[in-house]
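Visitor: File name query_37.cif; file contents mmCIF, C-alpha atoms; full text below.
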data_final
#
loop_
_atom_site.label_atom_id
_atom_site.label_comp_id
_atom_site.auth_asym_id
_atom_site.auth_seq_id
_atom_site.Cartn_x
_atom_site.Cartn_y
_atom_site.Cartn_z
CA MET A 23 36.39 59.61 122.80
CA THR A 24 39.22 61.69 124.27
CA GLN A 25 41.64 58.80 123.72
CA THR A 26 40.49 58.54 120.08
CA ILE A 27 41.09 62.27 119.57
CA ALA A 28 44.53 62.03 121.21
CA LYS A 29 45.60 59.14 118.96
CA THR A 30 44.23 60.86 115.87
CA LYS A 31 46.03 64.10 116.75
CA GLU A 32 49.25 62.14 117.18
CA ARG A 33 48.82 60.67 113.68
CA LEU A 34 47.97 64.14 112.32
CA ASP A 35 51.16 65.54 113.82
CA LYS A 36 53.15 62.84 112.01
CA LEU A 37 51.39 63.75 108.76
CA ILE A 38 52.29 67.41 109.27
CA VAL A 39 55.94 66.47 109.84
CA TYR A 40 55.83 64.58 106.53
CA LEU A 41 54.27 67.56 104.73
CA ASN A 42 56.89 69.89 106.19
CA THR A 43 59.57 67.96 104.29
CA TYR A 44 58.07 69.49 101.15
CA ALA A 45 58.21 72.95 102.71
CA THR A 46 61.98 72.74 102.88
CA ALA A 47 62.43 71.24 99.41
CA GLU A 48 60.07 73.40 97.34
CA VAL A 49 61.08 76.33 95.15
CA GLN A 50 58.86 78.57 97.31
CA PRO A 51 59.39 77.14 100.79
CA ALA A 52 57.65 80.04 102.56
CA VAL A 53 54.45 79.48 100.56
CA MET A 54 54.50 75.74 101.19
CA LYS A 55 55.28 76.23 104.88
CA LYS A 56 52.23 78.49 105.29
CA SER A 57 50.06 75.98 103.41
CA VAL A 58 51.26 73.24 105.77
CA GLU A 59 50.43 75.43 108.78
CA ASN A 60 46.94 76.07 107.38
CA THR A 61 46.51 72.35 106.69
CA SER A 62 47.41 71.55 110.28
CA ILE A 63 44.74 74.00 111.47
CA VAL A 64 42.13 72.46 109.14
CA LEU A 65 42.89 68.89 110.17
CA HIS A 66 42.96 69.58 113.90
CA ARG A 67 39.68 71.51 113.74
CA LEU A 68 38.04 68.72 111.73
CA VAL A 69 39.15 66.12 114.27
CA GLU A 70 37.76 68.22 117.12
CA LYS A 71 34.40 68.32 115.35
CA PHE A 72 34.51 64.78 113.89
CA PRO A 73 36.59 62.58 116.24
CA GLU A 74 36.17 59.46 114.08
CA LEU A 75 37.41 61.18 110.91
CA PRO A 76 40.11 59.05 109.27
CA ILE A 77 43.51 60.49 108.44
CA PRO A 78 43.39 61.62 104.80
CA LEU A 79 45.80 61.01 101.99
CA ALA A 80 47.84 64.19 101.75
CA TYR A 81 49.96 65.55 98.94
CA PRO A 82 51.61 68.83 97.93
CA GLY A 83 50.32 70.71 94.91
CA LEU A 84 52.48 72.32 92.26
CA ASP A 85 51.43 75.83 93.28
CA GLY A 86 52.23 75.35 96.97
CA ASP A 87 48.83 74.17 98.17
CA ILE A 88 48.15 70.96 100.08
CA GLY A 89 45.59 68.45 98.87
CA LEU A 90 43.71 66.08 101.17
CA THR A 91 41.55 63.14 100.11
CA TRP A 92 39.16 60.97 102.10
CA GLU A 93 37.39 57.85 100.84
CA LYS A 94 34.66 55.96 102.65
CA GLU A 95 32.38 53.50 100.90
CA ASN A 96 30.64 55.51 98.16
CA HIS A 97 31.81 58.89 99.51
CA HIS A 98 34.80 60.83 98.18
CA ALA A 99 35.85 64.18 99.69
CA GLU A 100 38.76 66.47 98.94
CA ALA A 101 40.15 69.65 100.42
CA ASP A 102 42.79 71.92 98.94
CA ILE A 103 44.36 74.34 101.38
CA ASP A 104 46.49 77.24 100.21
CA SER A 105 48.91 79.63 101.87
CA GLU A 106 46.36 82.47 101.81
CA GLY A 107 43.95 80.58 104.06
CA LEU A 108 41.40 79.56 101.45
CA VAL A 109 40.01 76.02 101.67
CA GLU A 110 38.37 74.44 98.62
CA PHE A 111 36.15 71.48 99.38
CA SER A 112 34.62 68.99 97.02
CA TYR A 113 32.43 65.99 97.68
CA TYR A 114 31.21 63.26 95.37
CA ASN A 115 28.80 60.42 96.10
CA ARG A 116 29.51 57.61 93.65
CA ASP A 117 26.06 56.03 94.12
CA THR A 118 23.89 59.11 93.66
CA GLY A 119 26.16 61.27 91.51
CA ARG A 120 25.77 64.10 94.02
CA TYR A 121 28.65 66.59 93.70
CA TRP A 122 29.48 69.70 95.72
CA PHE A 123 32.28 72.17 95.29
CA PHE A 124 32.75 75.30 97.33
CA LYS A 125 35.41 77.57 98.79
CA VAL A 126 35.49 78.88 102.32
CA PRO A 127 38.04 81.01 104.22
CA LEU A 128 40.00 79.09 106.85
CA LYS A 129 38.63 81.23 109.68
CA GLU A 130 35.02 80.39 108.70
CA PHE A 131 35.17 76.76 107.64
CA THR A 132 34.34 75.13 110.99
CA ASN A 133 31.04 77.00 111.08
CA SER A 134 30.12 75.99 107.54
CA GLU A 135 27.02 73.81 107.21
CA LYS A 136 28.40 72.47 103.92
CA VAL A 137 31.55 71.23 105.65
CA ALA A 138 29.43 69.54 108.31
CA ASP A 139 27.30 67.91 105.60
CA ILE A 140 30.37 66.53 103.85
CA PHE A 141 32.17 65.14 106.86
CA LYS A 142 29.16 63.55 108.52
CA TRP A 143 29.40 61.00 105.68
CA ILE A 144 33.16 60.55 105.89
CA ALA A 145 33.59 60.36 109.68
#
Show me the file's structure as C-alpha coordinates.

Guide:
Amino acid sequence: MTQTIAKTKERLDKLIVYLNTYATAEVQPAVMKKSVENTSIVLHRLVEKFPELPIPLAYPGLDGDIGLTWEKENHHAEADIDSEGLVEFSYYNRDTGRYWFFKVPLKEFTNSEKVADIFKWIA
(Lines of atoms letter the chains of each structure in order from A and count residues from 1; the text may use other names and numbers.)
(Lines give C-alpha, C1' and ligand atoms only; values in the text may rest on other atoms or scores of the structure.)
Protein backbone atom coordinates (compact mmCIF):
# COMPACT_ATOMS: atom_id res chain seq x y z
CA MET A 1 0.00 0.00 0.00
CA THR A 2 2.89 2.37 0.74
CA GLN A 3 4.13 1.98 -2.84
CA THR A 4 0.63 2.80 -4.14
CA ILE A 5 0.52 5.95 -2.00
CA ALA A 6 4.00 6.98 -3.16
CA LYS A 7 3.09 6.60 -6.84
CA THR A 8 -0.20 8.42 -6.34
CA LYS A 9 1.53 11.27 -4.51
CA GLU A 10 4.01 11.54 -7.37
CA ARG A 11 1.12 11.86 -9.84
CA LEU A 12 -0.57 14.39 -7.55
CA ASP A 13 2.60 16.48 -7.46
CA LYS A 14 2.60 16.55 -11.28
CA LEU A 15 -1.04 17.67 -11.23
CA ILE A 16 -0.18 20.48 -8.82
CA VAL A 17 2.65 21.62 -11.09
CA TYR A 18 0.13 21.75 -13.94
CA LEU A 19 -2.35 23.74 -11.84
CA ASN A 20 0.39 26.17 -10.82
CA THR A 21 0.75 27.20 -14.47
CA TYR A 22 -2.66 28.84 -14.06
CA ALA A 23 -1.49 30.60 -10.90
CA THR A 24 1.10 32.50 -12.91
CA ALA A 25 -1.20 33.30 -15.84
CA GLU A 26 -4.38 34.39 -14.05
CA VAL A 27 -5.47 37.98 -13.47
CA GLN A 28 -5.35 37.30 -9.71
CA PRO A 29 -2.32 35.03 -9.39
CA ALA A 30 -2.20 35.26 -5.57
CA VAL A 31 -5.78 33.98 -5.28
CA MET A 32 -5.15 31.13 -7.71
CA LYS A 33 -1.86 30.24 -6.03
CA LYS A 34 -3.60 29.90 -2.65
CA SER A 35 -6.36 27.80 -4.24
CA VAL A 36 -3.70 25.51 -5.72
CA GLU A 37 -2.02 25.19 -2.31
CA ASN A 38 -5.37 24.30 -0.72
CA THR A 39 -6.06 21.80 -3.51
CA SER A 40 -2.72 20.13 -2.86
CA ILE A 41 -3.63 19.78 0.82
CA VAL A 42 -7.05 18.31 -0.04
CA LEU A 43 -5.66 15.80 -2.53
CA HIS A 44 -2.81 14.62 -0.32
CA ARG A 45 -5.12 14.19 2.67
CA LEU A 46 -7.62 12.25 0.56
CA VAL A 47 -4.89 9.92 -0.70
CA GLU A 48 -3.70 9.30 2.85
CA LYS A 49 -7.23 8.28 3.82
CA PHE A 50 -8.15 6.56 0.53
CA PRO A 51 -4.95 5.14 -1.03
CA GLU A 52 -6.76 3.73 -4.07
CA LEU A 53 -8.41 7.05 -4.95
CA PRO A 54 -7.84 7.83 -8.63
CA ILE A 55 -6.30 11.12 -9.71
CA PRO A 56 -9.18 13.48 -10.54
CA LEU A 57 -9.73 15.68 -13.52
CA ALA A 58 -8.69 19.15 -12.38
CA TYR A 59 -9.49 22.56 -13.79
CA PRO A 60 -9.28 26.21 -12.74
CA GLY A 61 -12.47 28.15 -12.14
CA LEU A 62 -13.14 31.68 -13.32
CA ASP A 63 -13.15 33.05 -9.78
CA GLY A 64 -9.81 31.50 -8.80
CA ASP A 65 -11.08 28.23 -7.36
CA ILE A 66 -9.96 24.76 -8.44
CA GLY A 67 -12.46 22.13 -9.51
CA LEU A 68 -11.87 18.40 -9.18
CA THR A 69 -13.98 15.63 -10.69
CA TRP A 70 -13.96 11.88 -10.10
CA GLU A 71 -15.97 9.29 -12.05
CA LYS A 72 -16.31 5.63 -11.17
CA GLU A 73 -19.04 3.44 -12.59
CA ASN A 74 -22.31 5.09 -11.54
CA HIS A 75 -20.64 7.48 -9.07
CA HIS A 76 -19.77 11.10 -9.81
CA ALA A 77 -18.04 13.32 -7.23
CA GLU A 78 -16.80 16.89 -7.41
CA ALA A 79 -14.87 19.19 -5.13
CA ASP A 80 -14.35 22.92 -5.54
CA ILE A 81 -11.55 24.38 -3.45
CA ASP A 82 -11.15 28.11 -3.00
CA SER A 83 -8.39 30.37 -1.73
CA GLU A 84 -10.18 30.93 1.60
CA GLY A 85 -9.98 27.24 2.51
CA LEU A 86 -13.59 26.29 1.86
CA VAL A 87 -14.21 22.96 0.12
CA GLU A 88 -17.54 22.33 -1.61
CA PHE A 89 -18.31 18.68 -2.26
CA SER A 90 -21.02 17.17 -4.38
CA TYR A 91 -21.85 13.56 -5.11
CA TYR A 92 -24.31 12.03 -7.54
CA ASN A 93 -25.23 8.39 -8.02
CA ARG A 94 -26.54 7.95 -11.55
CA ASP A 95 -28.37 4.71 -10.71
CA THR A 96 -30.24 5.82 -7.60
CA GLY A 97 -30.46 9.57 -8.21
CA ARG A 98 -28.90 10.16 -4.78
CA TYR A 99 -27.35 13.65 -4.61
CA TRP A 100 -25.38 15.35 -1.85
CA PHE A 101 -23.96 18.84 -1.70
CA PHE A 102 -22.20 20.34 1.28
CA LYS A 103 -19.43 22.74 2.24
CA VAL A 104 -16.74 22.10 4.79
CA PRO A 105 -13.71 24.15 5.91
CA LEU A 106 -10.38 22.74 4.76
CA LYS A 107 -9.19 22.16 8.32
CA GLU A 108 -12.25 19.99 9.10
CA PHE A 109 -12.85 18.04 5.91
CA THR A 110 -10.78 14.93 6.73
CA ASN A 111 -12.93 14.32 9.80
CA SER A 112 -16.18 14.72 7.89
CA GLU A 113 -18.37 11.61 7.75
CA LYS A 114 -19.94 12.95 4.54
CA VAL A 115 -16.54 13.09 2.84
CA ALA A 116 -15.84 9.51 3.95
CA ASP A 117 -19.24 8.42 2.60
CA ILE A 118 -18.52 9.98 -0.79
CA PHE A 119 -15.02 8.68 -1.30
CA LYS A 120 -15.66 5.13 -0.14
CA TRP A 121 -17.58 4.78 -3.43
CA ILE A 122 -14.97 6.49 -5.58
CA ALA A 123 -11.81 4.89 -4.16

Visitor: Neighbours of region 32-37 of chain A within 10 Å (only C-alpha atoms; same-chain residues fewer than 3 positions away dropped), as a PyMOL selection string?

Guide: chain A and resi 26-29+40-42+58+62+65-66+69+76-80

Visitor: If the PyMOL selection byres ((chain A and resi 102-106) around 6) were run on this exact file, what residues would it hold? Put them as a ChimeraX atom specification.

Guide: /A:53,56-57,87-89,101,107-110

Visitor: Could you give me, as a ChimeraX atom specification, the residues within 10 Å of Thr118 (chain A), counting all atoms listed in the file and dropping anything in the same chain fewer than 4 positions from it?

Guide: /A:96-97,114

Visitor: Calculate how many Å separate CA of Pro73 (chain A) from CA of Lys31 (chain A), rounding to one decimal.

Guide: 9.6 Å

Visitor: Give the answer as one residue: which of A:Glu100, A:Glu135, A:Glu95, A:Glu74 has the shortest atom-to-atom distance to Phe123 (chain A), using only C-alpha atoms?

Guide: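 That would be A:Glu100, the residue with the smallest distance to Phe123 (chain A).
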
Visitor: Rounded to one decimal, what separation in Å do you get between CA of Leu84 (chain A) and CA of Met54 (chain A)?

Guide: 9.8 Å

Visitor: One decimal, Å: what's the distance from CA of Lys142 (chain A) over to CA of Leu75 (chain A), could you say?

Guide: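 Interatomic distance here is 8.9 Å.
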
Visitor: In the coordinate frame of the file, compute which residues have an atom within 9 Å of (35.3, 71.5, 113.6) when using all atoms listed in the file, and state them as a VMD selection string.

Guide: chain A and resid 64 to 72 131 to 133 137 to 138

Visitor: Of the candidates A:Phe141, A:Gln50, A:Phe124, A:Gly86, which shows the shortest atom-to-atom distance to Ala99 (chain A), using all atoms listed in the file?

Guide: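 Looking only at the distances to Ala99 (chain A), the closest residue turns out to be A:Phe141.
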
Visitor: Skipping near chain neighbours, those fewer than 5 positions away, what residues fall within 9 Å of Lys94 (chain A) using all atoms listed in the file, listed as a ChimeraX atom specification?

Guide: /A:99,143-145

Visitor: So that I have them on file, write out the residues from the current selection with C-alpha atoms, as a PDB file, in the frame of the given file.

Guide:
ATOM      1  CA  ALA A  99      35.850  64.180  99.690  1.00  0.00           C
ATOM      2  CA  TRP A 143      29.400  61.000 105.680  1.00  0.00           C
ATOM      3  CA  ILE A 144      33.160  60.550 105.890  1.00  0.00           C
ATOM      4  CA  ALA A 145      33.590  60.360 109.680  1.00  0.00           C
TER       5      ALA A 145
END

Visitor: Which is closer to Phe111 (chain A) than all the others in A:Thr43, A:Lys129, A:Ile140, A:Lys55, using all atoms listed in the file?

Guide: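 Looking at the shortest contact to Phe111 (chain A), the residue is A:Ile140.
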
Visitor: Which of these residues is nearest to Gly83 (chain A), using all atoms listed in the file: A:Ile38, A:Asn60, A:Tyr44, A:Glu130?

Guide: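 Comparing A:Ile38, A:Asn60, A:Tyr44, A:Glu130 against Gly83 (chain A), the winner is A:Tyr44.
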
Visitor: Return the single residue from A:Ser134, A:His98, A:Pro51, A:Tyr113 that is closest to Pro82 (chain A), with distances computed using all atoms listed in the file.

Guide: A:Pro51
